[in-house]
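Student: Take a look at this one; I'll ask things after.
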Amino acid sequence: MTDTRDLFAAVPRTEFTTPGKSRGLIDVVRWRYLLILLVRTGVTTRYRNSVLGWTWSYVRPAAQFLVFWVVLGLFMKLDHGIPNYAVYLFAGIVVINLFSEAFKNATTSIVGNAPLVRKVFLPRQLFAVSAVIVAFVHFLPQVGLLLVVCLLLGWAAHLSILSVLAIFAAMIIVMLFALGLGLFFGAVNVRYRDAENIVELMLLLATWASPVLYSWAAVQDAVKTLGWPDWLLEMYLLNPITQGVELFHFAFWRPATEGMISAAGYVGPQLEAIPPGLGWNTLWTFLIAVGTLLLGQIVFRRLEGRFAQDL
């Protein structure tokens, strides 16, 4: 009679034979049918039993825009030196909303799917990736609204291929960065729920730490006035969220503003709202986003073996 221990010894010790282990993001592609199901579920259940339904995808950013525009633009005069401030503001808000929703949902994705994690084996990265994709789907109506406004301001007449590339670059950088952070904090959050509070704090700071409500030139002026080292400004510009916002400014705000001011015959400081070296910064921030994704994946894979026990 064959010893049972001999049978187990003959089984190759791959990552699939180790409980709770997988081959990382590679399995997301191999299990893409489950990814599609998770995305479909996330999209269809968000506004279930809601009267307004998908209208909420427009209401929230519109409310954010109105509050910031009235308080900061009209009352506090932060729109000084930024023509067409409304488009400038809204272009930044939609990028921040994409990052915020993707990062937050990816962080809570494992805990939120605890019954599945405890009962069946599947690549746990699927939950974080699906959360980022669902955030992207809800981000599209906001971009559509921004596009309509820009078209009314003459955006198409000043559009270039670089503007189109900037849109895709911004989305890729922000989503990779959010996924990397989501994998990292999502894995830590399984054991230490303080991670959710840390993420909430980071998201609170994200809007103010990026040139959404103000121009990057204001940061440059502050650095010079306070006598701080120039590398602080460089670090600020190499923030992937800052770069995503500036790429959207370049893609939407700049062409729309050029169309508006050329019709009015205005020549002013509008070009200063876009930082120099945007192309090189795009490359560097893409590498930073990829590095964040790799770090998040390493931490996730190191901790995922205990997800079922910790949940």
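Letters A, B, ... mark the chains of the structure tokens in the order given; residue numbers begin at 1 per chain; ligand numbers begin at 1, in order shown.
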I'd like the neighbourhood of Val95 (chain A) as a list in words, where a residue qualifies if any of its atoms comes within 10 Å (using only C-alpha atoms), though same-chain residues fewer than 5 positions away should be ignored.

Tutor: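 Near Val95 (chain A), the qualifying residues are Phe90, Ser100, Phe139, Gln142, Val143, Ala170, Met171, Val174, Met175, Thr207, Val212, Ile241, Thr242, Gly244, Val245, Glu246, Leu247 and Phe248 of chain A.
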
Student: For those residues, write C-alpha atoms to a file as a CSV table (one decimal), in the first residue's frame.

Tutor:
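The resulting part.csv:
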chain,number,residue,atom,x,y,z
A,90,PHE,CA,-12.7,70.7,-12.6
A,100,SER,CA,-9.2,58.6,-4.3
A,139,PHE,CA,-14.5,58.2,-13.6
A,142,GLN,CA,-16.9,62.9,-15.1
A,143,VAL,CA,-14.4,63.0,-18.0
A,170,ALA,CA,-2.4,60.7,-16.8
A,171,MET,CA,-4.9,57.8,-16.4
A,174,VAL,CA,-2.7,57.6,-11.5
A,175,MET,CA,-4.2,54.1,-11.8
A,207,THR,CA,-6.3,67.3,-2.9
A,212,VAL,CA,-6.0,71.2,-8.1
A,241,ILE,CA,-0.8,62.7,-8.5
A,242,THR,CA,0.6,66.1,-9.3
A,244,GLY,CA,-1.7,63.4,-13.4
A,245,VAL,CA,-3.4,66.7,-12.6
A,246,GLU,CA,-0.9,68.7,-14.7
A,247,LEU,CA,-1.3,66.3,-17.6
A,248,PHE,CA,-5.1,66.8,-17.5

Student: Please return as a ChimeraX atom specification: the residues of region 125-272 of chain A that backbone DSSP assigns to alpha helix (DSSP H).

Tutor: /A:125-152,161-191,194-206,216-226,230-237,240-248,254-264

Student: What's the separation between CA of Val219 (chain A) and CA of Asn197 (chain A), in Å to one decimal place?

Tutor: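 CA of Asn197 (chain A) lies at a distance of 27.6 Å from CA of Val219 (chain A).
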
Student: Contacts of region 276-286 of chain A at 12 Å or less, counting only C-alpha atoms, minus same-chain residues fewer than 6 places along, as a ChimeraX atom specification?

Tutor: /A:162-163,165-177,216-217,220,234-251,292-293

Student: Which is closer to Leu295 (chain A) than all the others in A:Gly182, A:Gly144, A:Gly92, A:Pro123, using only C-alpha atoms?

Tutor: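 Closest candidate: A:Gly182.
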
Student: Measure the distance from CA of Leu203 (chain A) to CA of Glu101 (chain A) in Å and round it to one decimal.

Tutor: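 Taking CA of Leu203 (chain A) as the start and CA of Glu101 (chain A) as the end point, the length is 9.4 Å.
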
Student: Work out how far apart CA of Ala187 (chain A) and CA of Leu303 (chain A) are and give it in Å to one decimal.

Tutor: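 It comes out at 6.3 Å.
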
Student: Quick one: residues within 12 Å of Val29 (chain A), only C-alpha atoms counted, chain neighbours fewer than 4 positions away excluded, as a list in words?

Tutor: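 Residues meeting the cut-off are Arg23, Gly24, Leu25, Tyr33, Leu34, Leu35, Ile36, Pro123, Gln125, Leu126, Val129 and Ser130 of chain A.
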
Student: Skipping near chain neighbours, those fewer than 6 positions away, what residues fall within 10 Å of His158 (chain A) using only C-alpha atoms, listed as a VMD selection string?

Tutor: chain A and resid 252 254 to 259

Student: Env of Pro115 (chain A): 12 Å cut, atoms = only C-alpha atoms, seq-sep filter 3 positions within chain, self excluded. Answer as a list in words.

Tutor: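 My reading of the contact set: Ser109, Ile110, Val111, Gly112, Arg118, Lys119, Val120, Phe121, Phe307, Ala308, Gln309 and Leu311 of chain A.
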
Student: Write the residues of the selection above to a file with N, CA and C atoms, as a PDB file, in the first residue's frame.

Tutor:
ATOM      1  N   SER A 109     -10.578  46.291  -0.220  1.00  0.00           N
ATOM      2  CA  SER A 109     -11.109  45.217  -1.071  1.00  0.00           C
ATOM      3  C   SER A 109     -10.976  43.832  -0.436  1.00  0.00           C
ATOM      4  N   ILE A 110      -9.883  43.575   0.274  1.00  0.00           N
ATOM      5  CA  ILE A 110      -9.707  42.252   0.875  1.00  0.00           C
ATOM      6  C   ILE A 110     -10.645  42.073   2.055  1.00  0.00           C
ATOM      7  N   VAL A 111     -10.691  43.068   2.935  1.00  0.00           N
ATOM      8  CA  VAL A 111     -11.584  42.985   4.094  1.00  0.00           C
ATOM      9  C   VAL A 111     -13.041  42.946   3.638  1.00  0.00           C
ATOM     10  N   GLY A 112     -13.367  43.683   2.606  1.00  0.00           N
ATOM     11  CA  GLY A 112     -14.739  43.708   2.115  1.00  0.00           C
ATOM     12  C   GLY A 112     -15.184  42.409   1.476  1.00  0.00           C
ATOM     13  N   ARG A 118     -11.926  33.691   2.907  1.00  0.00           N
ATOM     14  CA  ARG A 118     -11.856  32.617   3.913  1.00  0.00           C
ATOM     15  C   ARG A 118     -12.268  31.259   3.358  1.00  0.00           C
ATOM     16  N   LYS A 119     -13.138  31.242   2.360  1.00  0.00           N
ATOM     17  CA  LYS A 119     -13.750  29.970   1.946  1.00  0.00           C
ATOM     18  C   LYS A 119     -13.130  29.349   0.703  1.00  0.00           C
ATOM     19  N   VAL A 120     -12.704  30.161  -0.262  1.00  0.00           N
ATOM     20  CA  VAL A 120     -12.185  29.609  -1.514  1.00  0.00           C
ATOM     21  C   VAL A 120     -10.846  30.252  -1.845  1.00  0.00           C
ATOM     22  N   PHE A 121     -10.068  29.526  -2.625  1.00  0.00           N
ATOM     23  CA  PHE A 121      -8.807  30.098  -3.076  1.00  0.00           C
ATOM     24  C   PHE A 121      -8.984  30.733  -4.452  1.00  0.00           C
ATOM     25  N   PHE A 307      -4.019  35.826   5.166  1.00  0.00           N
ATOM     26  CA  PHE A 307      -5.262  36.597   5.049  1.00  0.00           C
ATOM     27  C   PHE A 307      -6.456  35.847   5.642  1.00  0.00           C
ATOM     28  N   ALA A 308      -6.598  34.563   5.298  1.00  0.00           N
ATOM     29  CA  ALA A 308      -7.751  33.791   5.774  1.00  0.00           C
ATOM     30  C   ALA A 308      -7.760  33.697   7.298  1.00  0.00           C
ATOM     31  N   GLN A 309      -6.573  33.499   7.913  1.00  0.00           N
ATOM     32  CA  GLN A 309      -6.511  33.387   9.361  1.00  0.00           C
ATOM     33  C   GLN A 309      -6.793  34.730  10.034  1.00  0.00           C
ATOM     34  N   LEU A 311      -8.520  37.222   8.898  1.00  0.00           N
ATOM     35  CA  LEU A 311      -9.896  37.670   8.708  1.00  0.00           C
ATOM     36  C   LEU A 311     -10.872  36.878   9.574  1.00  0.00           C
TER      37      LEU A 311
END
